[in-house]
Amino acid sequence: MDAKVVPQPSIAAPAVEPGLLYIDGCWREASDGSTAPTITPIDESQITTVAQATESDVEAAVAAARTAFDDGPWPGFNVHARARVLRRIAELVEENLDELAYLESLDMGKPIAIARAIDAPMTAQLFHYYAGLATQLEGSTRGGSSPTTHPRPVAGLNYTEREPLGVVAAITTVQLPVVVVGIEDCPGVGGGQLRDPQAGIDHAVVGDPDRPDHRGGRLPPGVFNLLTGPGGRVGNQLVEHPAVNKIAFTGSTAVGKGIVRRSAETLKKTTMELGGKSANIVFADADLDSALEHAWVSIFYNKGEICTAGSRLLLERSIHDEFVDRFVARAAETIPGNPLDPATMFGPLADVNQFKKVSDYVGYGVDEGAHLRVGGKPFHPDGLNGKGYYYLPTIFTEATNQMRIAREEIFGPVLTVIPFSTEEEAIRLANDSDYGLCSGYTRSISNVPTGWHARCGRERCG
């Protein structure tokens, strides 16, 4: 890769090269030379700078993608040729797993052990998966004829054929940047679309390791372009641009709504992966050891900075106290640490804004009368001079579903526990949310009169 770095359990690491824009097959600075600092959440120091795309940079990227789609070779590549490129990208990711994991950890605070075991390999797996899927795209046919009322009925054939859509702008999240590259870019590129991803200014370091992946994978110029800059300017320009056919966005619900509204002017297709307030439901008949493990990972994986976080925990009253006591004990033993240390399993929040948001919501919970059982405050690991955005795993009990900590997405390591007495009450509580994504734990399907599928079917999981 362009700049080799060696993972170390300290911030004293090789310098990270400044992040550049990637437009029409070339790496370049912003047209006006502007940059913004990238701050590591480990100790609040600056690790590099990233280019700030201007209006003319966005225009250049969209024009490159438009030309590549309308006149370039990529949309006309057969599926096997596209699949070969994606496989090569996957291989390049696999060759650089350590560096990708290191940069992910440095950039947004994910423990390097987790980034190396999950995020970096998963990115390669996504490229491999969509390389295979690219060869499986199929249409359908069915017989047909003109209406019987037609004076001269004739036989006909109705069919669908899947074709590349065009230019797609993918506006990405800061919390899982490496994985999101695979999730958002692989399907479109494999299907023949052209990609113009836009990343936030605060977390663009992991955009750099992707550059040789695409170049080494021999994507034609213009097929993949990378823009960094503030979403309010760069993102909005992409959303409103008439030459962009689709917007794919991962982020907050409020921003997603704004994107849908703006994209309506040009009738764009959209894919929105927005926030969540998932409820894990644990019934008394569940395997409590297994349920506890799943519930733990659900809320505290990635420090709770994930849209599928199980940030509400609904417990049947007969097991409530035991389950909470065990959960609280485990939380009390979980100490945040430097994510570059391979022994660390819980790192800092991604940035200062998220740190402030989590702190604010803990205050809301206390003010509304919930019981703060554990956590609820910052933590300062040894050796970092009180720096870094570290926050203790936090659990609230004696909460209601009407409290802000139960209704609004916090996007951090804060769990709200709510008891229930009956299956009906559990379903009602789970569905009493502006978000979807629910799950539950029970030992046996047969002991539920209406069946587990009926249970799940009544949870609005969209």
# chains A, B, ... in the order shown; residues from 1 in each chain; ligands from 1
>>> closest_atom_pairs(of="segment 62-111 of chain A", to="segment 36-56 of chain A", cutoff="7 Å", atoms="only C-alpha atoms", output="tab-separated table")
residue	atom	partner	partner_atom	distance
A:Leu106	CA	A:Thr40	CA	5.9
A:Asp107	CA	A:Thr40	CA	5.4
A:Met108	CA	A:Pro41	CA	6.3
A:Gly109	CA	A:Pro41	CA	5.9
>>> select_by_dssp(residues="segment 204-342 of chain A", states="strand (DSSP E)", output="ChimeraX atom specification")
/A:227-228,246-250,269-273,279-282,312-316
>>> residues_around(residues="Ala63 of chain A", least_positions_apart="3", cutoff="9 Å", atoms="only C-alpha atoms", output="ChimeraX atom specification")
/A:24,58-60,66-68,222,243
>>> write_last_selection(atoms="C-alpha atoms", output="compact mmCIF listing (two decimals), in the first residue's frame")
# COMPACT_ATOMS: atom_id res chain seq x y z
CA ASP A 24 -11.33 10.36 -12.54
CA VAL A 58 -17.88 17.74 -6.74
CA GLU A 59 -18.73 18.76 -10.29
CA ALA A 60 -15.54 17.12 -11.55
CA ARG A 66 -21.24 10.38 -15.72
CA THR A 67 -18.75 10.11 -18.57
CA ALA A 68 -17.54 6.72 -17.36
CA GLY A 222 -14.37 7.61 -13.21
CA ALA A 243 -26.57 13.93 -13.08
>>> atom_distance(atom1="atom CA of Val85 of chain A", atom2="atom CA of Ala169 of chain A")
20.4 Å
